[in-house]
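**Student:** Contents are compact mmCIF, C-alpha atoms and all ligand atoms; file name data_29.txt:
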```txt
# COMPACT_ATOMS: atom_id res chain seq x y z
CA MET T 1 0.00 0.00 0.00
CA ASN T 2 1.26 3.50 -0.84
CA PRO T 3 2.35 5.73 2.02
CA VAL T 4 -0.04 8.60 2.73
CA VAL T 5 2.71 11.20 2.30
CA GLU T 6 6.14 10.82 0.70
CA VAL T 7 8.57 13.71 0.73
CA LYS T 8 11.60 12.99 -1.42
CA ASP T 9 14.77 15.12 -1.38
CA LEU T 10 12.65 18.24 -1.08
CA SER T 11 14.21 21.70 -1.10
CA PHE T 12 12.49 25.08 -1.11
CA SER T 13 13.44 28.75 -1.02
CA TYR T 14 11.50 31.99 -0.81
CA GLY T 15 13.60 33.94 -3.34
CA GLU T 16 17.22 33.75 -2.18
CA GLU T 17 16.39 32.40 1.27
CA MET T 18 16.75 28.61 1.48
CA VAL T 19 14.08 27.43 3.91
CA LEU T 20 14.15 23.64 3.47
CA GLU T 21 17.00 21.46 2.21
CA HIS T 22 16.92 17.84 1.10
CA ILE T 23 14.02 16.71 3.30
CA ASN T 24 13.10 13.02 3.12
CA LEU T 25 10.08 11.92 5.10
CA THR T 26 7.42 9.23 4.85
CA VAL T 27 4.05 9.24 6.63
CA ALA T 28 2.46 5.79 6.69
CA ARG T 29 -1.24 5.05 7.03
CA GLY T 30 -2.25 5.41 10.70
CA ASP T 31 0.78 7.49 11.74
CA PHE T 32 0.41 10.34 14.22
CA LEU T 33 3.35 12.56 13.36
CA ALA T 34 4.35 15.90 14.89
CA LEU T 35 6.57 18.32 13.00
CA MET T 36 8.72 20.15 15.53
CA GLY T 37 11.28 22.90 15.36
CA PRO T 38 11.99 26.47 16.45
CA ASN T 39 10.23 29.54 15.01
CA GLY T 40 11.06 30.05 11.36
CA SER T 41 12.51 26.55 10.93
CA GLY T 42 10.27 25.71 7.96
CA LYS T 43 7.42 23.69 9.48
CA THR T 44 4.56 25.66 7.91
CA THR T 45 6.43 25.78 4.63
CA LEU T 46 6.77 21.99 4.69
CA VAL T 47 3.04 21.62 5.41
CA LYS T 48 2.22 23.90 2.47
CA LEU T 49 4.51 21.89 0.20
CA ILE T 50 2.87 18.65 1.34
CA LEU T 51 -0.52 20.13 0.45
CA GLY T 52 0.67 21.41 -2.93
CA LEU T 53 0.16 25.05 -1.90
CA LEU T 54 3.81 25.83 -2.73
CA LYS T 55 5.98 24.48 -5.53
CA PRO T 56 9.28 22.82 -4.55
CA LEU T 57 12.60 24.18 -5.75
CA SER T 58 13.64 20.55 -6.20
CA GLY T 59 12.47 17.15 -5.05
CA GLU T 60 8.99 15.74 -4.88
CA VAL T 61 5.91 15.28 -2.71
CA ARG T 62 3.49 12.38 -3.23
CA LEU T 63 0.06 12.08 -1.62
CA PHE T 64 -1.50 8.61 -1.56
CA GLY T 65 1.01 7.61 -4.26
CA SER T 66 0.31 10.49 -6.69
CA PRO T 67 2.59 13.47 -7.32
CA VAL T 68 0.93 16.31 -5.39
CA ASN T 69 0.65 18.53 -8.47
CA ARG T 70 -1.54 15.87 -10.11
CA PHE T 71 -3.43 14.85 -6.97
CA ARG T 72 -7.16 15.60 -7.27
CA GLN T 73 -8.81 13.63 -4.43
CA TRP T 74 -8.72 16.51 -1.97
CA HIS T 75 -11.72 15.15 -0.06
CA ARG T 76 -9.24 12.59 1.34
CA VAL T 77 -7.27 15.39 3.03
CA GLY T 78 -8.38 17.74 5.83
CA TYR T 79 -6.35 20.83 6.66
CA VAL T 80 -6.52 23.18 9.63
CA PRO T 81 -4.30 26.14 8.76
CA GLN T 82 -2.23 28.08 11.27
CA LYS T 83 -4.46 31.11 11.53
CA ALA T 84 -7.79 29.33 11.29
CA THR T 85 -9.18 30.91 14.44
CA SER T 86 -7.78 34.43 14.08
CA PHE T 87 -10.77 36.11 12.51
CA ASP T 88 -12.89 39.07 13.55
CA THR T 89 -15.01 38.00 16.53
CA ARG T 90 -17.95 39.97 15.08
CA PHE T 91 -17.95 37.57 12.13
CA PRO T 92 -21.59 36.43 12.15
CA ALA T 93 -21.29 32.82 10.87
CA THR T 94 -22.66 30.01 13.02
CA VAL T 95 -20.75 26.87 13.94
CA GLU T 96 -22.95 24.83 11.60
CA GLU T 97 -22.35 27.17 8.65
CA VAL T 98 -18.58 27.10 9.10
CA VAL T 99 -18.44 23.31 9.45
CA LEU T 100 -20.74 22.83 6.45
CA THR T 101 -18.18 24.58 4.21
CA GLY T 102 -16.00 21.50 4.81
CA ARG T 103 -18.49 19.47 2.71
CA PHE T 104 -18.16 21.67 -0.38
CA GLY T 105 -15.21 19.68 -1.76
CA LEU T 106 -17.33 16.50 -1.67
CA LEU T 107 -20.42 18.21 -3.10
CA GLY T 108 -18.72 19.69 -6.13
CA PRO T 109 -19.49 23.05 -7.76
CA GLY T 110 -23.08 24.28 -7.77
CA ARG T 111 -24.58 21.47 -5.62
CA ARG T 112 -26.40 22.58 -2.50
CA PRO T 113 -25.88 20.78 0.81
CA GLY T 114 -28.64 18.31 1.69
CA LYS T 115 -29.80 16.14 4.58
CA ASP T 116 -26.71 13.91 4.49
CA ASP T 117 -24.44 16.93 4.74
CA ARG T 118 -26.34 18.34 7.71
CA ARG T 119 -26.25 14.94 9.41
CA ALA T 120 -22.49 14.75 8.81
CA VAL T 121 -22.13 18.19 10.43
CA GLU T 122 -24.12 17.07 13.49
CA GLU T 123 -22.12 13.86 13.86
CA THR T 124 -18.82 15.69 13.51
CA LEU T 125 -19.79 18.34 16.08
CA GLU T 126 -20.60 15.53 18.48
CA LEU T 127 -17.26 13.88 17.74
CA VAL T 128 -15.30 17.04 18.58
CA GLY T 129 -17.32 17.72 21.74
CA LEU T 130 -19.52 20.50 20.35
CA ALA T 131 -22.86 18.69 20.21
CA GLY T 132 -25.70 21.22 20.34
CA ALA T 133 -23.45 24.19 19.53
CA GLY T 134 -24.40 24.33 15.83
CA HIS T 135 -26.44 27.51 16.13
CA ARG T 136 -23.92 29.45 18.20
CA THR T 137 -21.92 32.24 16.59
CA VAL T 138 -18.31 31.15 16.14
CA GLY T 139 -16.99 34.53 17.34
CA ASN T 140 -18.63 33.98 20.74
CA LEU T 141 -16.89 30.68 21.47
CA SER T 142 -13.70 30.23 23.47
CA GLY T 143 -10.38 29.77 21.66
CA GLY T 144 -10.42 26.03 22.38
CA GLN T 145 -14.00 25.69 21.10
CA GLN T 146 -13.17 27.68 17.95
CA GLN T 147 -10.23 25.36 17.37
CA ARG T 148 -12.66 22.42 17.49
CA VAL T 149 -14.97 24.12 14.99
CA PHE T 150 -12.14 24.32 12.48
CA ILE T 151 -11.14 20.75 13.16
CA ALA T 152 -14.78 19.75 12.60
CA ARG T 153 -14.74 21.63 9.29
CA ALA T 154 -11.63 19.68 8.26
CA LEU T 155 -13.16 16.38 9.44
CA VAL T 156 -16.70 16.67 8.09
CA GLY T 157 -15.65 15.52 4.62
CA LYS T 158 -14.31 12.29 6.24
CA PRO T 159 -10.64 12.70 5.33
CA GLU T 160 -8.07 9.91 5.63
CA LEU T 161 -5.29 12.43 6.33
CA LEU T 162 -5.69 15.40 8.68
CA VAL T 163 -2.98 18.09 8.67
CA LEU T 164 -2.99 20.64 11.49
CA ASP T 165 -0.68 23.64 11.66
CA GLU T 166 0.02 24.88 15.24
CA PRO T 167 -3.39 23.76 16.49
CA VAL T 168 -2.79 24.58 20.15
CA VAL T 169 -1.60 28.19 20.17
CA GLY T 170 -3.38 30.06 22.97
CA LEU T 171 -4.90 26.99 24.66
CA ASP T 172 -4.44 26.48 28.41
CA SER T 173 -3.07 23.18 29.68
CA ARG T 174 -6.52 21.62 30.26
CA ALA T 175 -7.75 22.56 26.79
CA LEU T 176 -4.44 21.34 25.38
CA ASP T 177 -4.83 18.01 27.10
CA SER T 178 -8.39 17.45 25.87
CA PHE T 179 -7.34 18.59 22.41
CA TYR T 180 -4.67 15.89 22.24
CA THR T 181 -7.16 13.36 23.60
CA LEU T 182 -9.41 14.22 20.65
CA LEU T 183 -6.50 13.80 18.21
CA GLU T 184 -5.64 10.43 19.76
CA ARG T 185 -9.25 9.28 19.30
CA LEU T 186 -9.28 10.36 15.67
CA ASN T 187 -6.05 8.50 15.11
CA ARG T 188 -6.64 5.35 17.14
CA ASP T 189 -10.39 4.83 16.87
CA MET T 190 -11.06 6.22 13.40
CA GLY T 191 -7.74 5.37 11.75
CA ILE T 192 -7.14 8.93 10.53
CA THR T 193 -3.51 9.65 9.70
CA LEU T 194 -2.42 12.83 11.49
CA VAL T 195 0.32 15.33 10.78
CA THR T 196 0.47 18.20 13.24
CA VAL T 197 2.88 21.07 13.69
CA SER T 198 3.79 21.63 17.31
CA HIS T 199 6.01 23.80 19.47
CA ASP T 200 5.17 21.99 22.66
CA THR T 201 7.91 19.41 23.06
CA GLY T 202 6.60 18.11 26.38
CA THR T 203 3.13 17.27 25.08
CA VAL T 204 4.49 15.97 21.83
CA ALA T 205 6.82 13.59 23.61
CA ARG T 206 3.90 12.07 25.50
CA ARG T 207 1.06 12.10 23.02
CA VAL T 208 2.20 11.47 19.43
CA GLY T 209 3.55 8.34 17.77
CA LYS T 210 6.38 9.90 15.76
CA VAL T 211 8.20 13.21 15.49
CA ALA T 212 10.12 14.87 12.70
CA CYS T 213 12.45 17.61 13.94
CA ILE T 214 13.07 20.27 11.35
CA ASN T 215 15.43 23.19 11.22
CA ARG T 216 15.88 23.77 7.50
CA CYS T 217 17.11 20.15 7.32
CA LEU T 218 15.50 17.10 8.89
CA ILE T 219 17.45 16.82 12.16
CA CYS T 220 15.85 13.57 13.32
CA HIS T 221 12.76 11.48 12.73
CA GLY T 222 11.18 8.61 14.65
CA VAL T 223 9.58 7.57 17.94
CA PRO T 224 9.75 10.48 20.47
CA SER T 225 11.42 8.49 23.25
CA GLN T 226 14.20 7.49 20.87
CA VAL T 227 14.82 10.67 18.90
CA LEU T 228 14.11 13.46 21.40
CA THR T 229 17.53 13.07 22.95
CA THR T 230 19.42 15.90 24.60
CA ALA T 231 21.86 15.94 21.68
CA ASN T 232 19.13 16.10 19.02
CA LEU T 233 17.15 18.79 20.84
CA THR T 234 20.25 20.88 21.34
CA ARG T 235 20.97 20.56 17.60
CA LEU T 236 17.36 21.45 16.81
CA TYR T 237 17.05 24.53 18.99
CA GLY T 238 20.71 25.60 18.95
CA ILE T 239 20.70 26.05 22.75
CA PRO T 240 21.24 23.58 25.59
CA VAL T 241 18.17 21.45 26.26
CA ARG T 242 17.77 18.94 29.05
CA ARG T 243 15.47 15.93 29.32
CA VAL T 244 13.32 15.56 32.40
CA VAL T 245 12.10 12.08 33.14
CA HIS T 246 8.63 11.69 34.76
CA GLY T 247 8.03 8.01 35.49
CA HIS T 248 8.33 6.35 32.10
CA GLN T 249 7.87 9.57 30.18
CA THR T 250 10.69 11.69 29.03
CA THR T 251 9.90 15.36 28.64
CA PRO T 252 12.38 17.66 26.96
CA HIS T 253 12.61 21.18 28.38
CA LEU T 254 14.17 24.18 26.74
CA ARG T 255 16.73 25.96 28.90
CA SER T 256 17.46 29.57 28.00
N1 LIG G 301 5.66 34.07 2.16
C1 LIG G 301 6.93 34.16 2.58
N2 LIG G 301 7.82 34.93 1.91
C2 LIG G 301 9.11 35.01 2.30
N3 LIG G 301 9.61 34.35 3.36
C3 LIG G 301 8.78 33.57 4.07
C4 LIG G 301 7.39 33.45 3.72
N4 LIG G 301 6.80 32.59 4.59
C5 LIG G 301 7.76 32.21 5.46
N5 LIG G 301 8.95 32.81 5.16
C6 LIG G 301 10.22 32.60 5.85
O1 LIG G 301 10.57 31.23 5.72
C7 LIG G 301 11.12 30.72 6.94
C8 LIG G 301 10.32 29.52 7.42
O2 LIG G 301 9.00 29.97 7.76
P1 LIG G 301 7.89 28.97 8.27
O3 LIG G 301 6.65 29.78 8.49
O4 LIG G 301 7.83 27.81 7.37
O5 LIG G 301 8.51 28.50 9.66
P2 LIG G 301 7.81 27.80 10.91
O6 LIG G 301 8.77 26.77 11.39
O7 LIG G 301 6.45 27.34 10.55
O8 LIG G 301 7.73 29.01 11.94
P3 LIG G 301 6.74 29.27 13.17
O9 LIG G 301 7.02 28.18 14.16
O10 LIG G 301 7.20 30.61 13.69
O11 LIG G 301 5.34 29.28 12.67
C9 LIG G 301 11.16 31.92 7.92
O12 LIG G 301 12.44 32.49 7.86
C10 LIG G 301 10.11 32.85 7.34
O13 LIG G 301 10.43 34.19 7.65
```
Using the file provided, produce a representation of the structure as structure tokens.

**Tutor:**
Amino acid sequence: MNPVVEVKDLSFSYGEEMVLEHINLTVARGDFLALMGPNGSGKTTLVKLILGLLKPLSGEVRLFGSPVNRFRQWHRVGYVPQKATSFDTRFPATVEEVVLTGRFGLLGPGRRPGKDDRRAVEETLELVGLAGAGHRTVGNLSGGQQQRVFIARALVGKPELLVLDEPVVGLDSRALDSFYTLLERLNRDMGITLVTVSHDTGTVARRVGKVACINRCLICHGVPSQVLTTANLTRLYGIPVRRVVHGHQTTPHLRS
């Protein structure tokens, strides 16, 4: 079976500035992968290349076995972009309306949403813990609830791959915890392959299956307990980093 994502010898620059160099990465079906790295290390750029939103300088991206520039089955992919929740809070759309837009790819141009689409919205809101919130205005929800609305929008088309860029910015530790519990359910119970960008090394170490550490190059890639070593994290962040062991879990901490 084809991997869900294959990144082969991928390089990219914005003009003169090289942002990614010779990245090789494979995401298999059922993986829960976090892309980690300091600010400006190229994580969002890599996500955009994976989704075909940017064109590589060299190298290749394949989605479900097809070169991304020829890939057309976008209903198989859900995407929550970095700034999904930073909109004007006076924006009048309801939760249901926003989530319903996630069905448009499946519906095709000109077709109006029907009963099945509305049922899919209801089921997805229940899945993300927002049952009964369909008629609320998105701008009046908390940051964590808004985050779930945009995840619901990405999920409502029943994707096989969900890509999330910095999904936890601004969430407190309780919201963060329940957010990762939701991601684990999507991954484990529904078999959705997940790729998420994260800054939070502690949570990542505990909650995801694999990490890819990026700072222009791929510094390391694999199971968190094996690759988030003091040496790798120090290479990644360019400053000394220590590992703190809690029971069986190893949590890396940045030291300034
Ligand atoms: N549209 C753009 N034009 C020019 N340079 C850009 C553009 N977008 C990003 N960059 C630069 O490319 C580099 C990588 O940016 P990118 O957003 O991919 O990093 P990141 O790891 O996602 O950062 P962060 O963690 O801060 O979100 C940075 O130096 C950034 O300034």

**Student:** Hey, which of T:Ala28, T:Asn69, T:Thr196, T:Phe64 ends up closest to ligand LIG 301 (chain G)? Count only C-alpha atoms and all ligand atoms.

**Tutor:**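 The answer is T:Thr196, which sits nearest to ligand LIG 301 (chain G).
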
**Student:** Go through T:Asn2, T:Thr181, T:Thr44, T:Gln73 one by one, measure the shortest atom-to-atom distance of each to T:Leu127 using all atoms listed in the file, and give the residue with the smallest value.

**Tutor:**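 Residue with the minimum atom-to-atom distance to T:Leu127: T:Thr181.
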
**Student:** With distances taken over only C-alpha atoms and all ligand atoms, which residue among T:Pro67, T:Gly37, T:Gly110, T:Gly157 lies nearest ligand LIG 301 (chain G)?

**Tutor:**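 Closest residue, counting only C-alpha atoms and all ligand atoms: T:Gly37.
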
**Student:** May I have the centre and edge lengths, in Å to one decimal, of an axis-aligned box around the listed atoms of stretch 150-157 of chain T with 8 Å added to every side, as JSON?

**Tutor:**
```
{"center_x": -13.9, "center_y": 19.9, "center_z": 8.9, "size_x": 21.6, "size_y": 24.8, "size_z": 24.5}
```

**Student:** Please identify every polymer residue within 9 Å of ligand LIG 301 (chain G), using all atoms listed in the file, and present the set as number ranges by chain.

**Tutor:** T: 13-15, 17-20, 35-48, 82, 165-166, 197-199, 214-216

**Student:** For T:Arg185, which residue among T:Gly129, T:Gly59, T:Gly143, T:Gly134 is the nearest when counting all atoms listed in the file?

**Tutor:**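 Among T:Gly129, T:Gly59, T:Gly143, T:Gly134, it is T:Gly129 that comes nearest to T:Arg185.
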
**Student:** I need the residue nearest T:Thr94 from this list: T:Arg136, T:Arg29, T:His221, T:Lys158. Use only C-alpha atoms for the distance.

**Tutor:**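 That would be T:Arg136, the residue with the smallest distance to T:Thr94.
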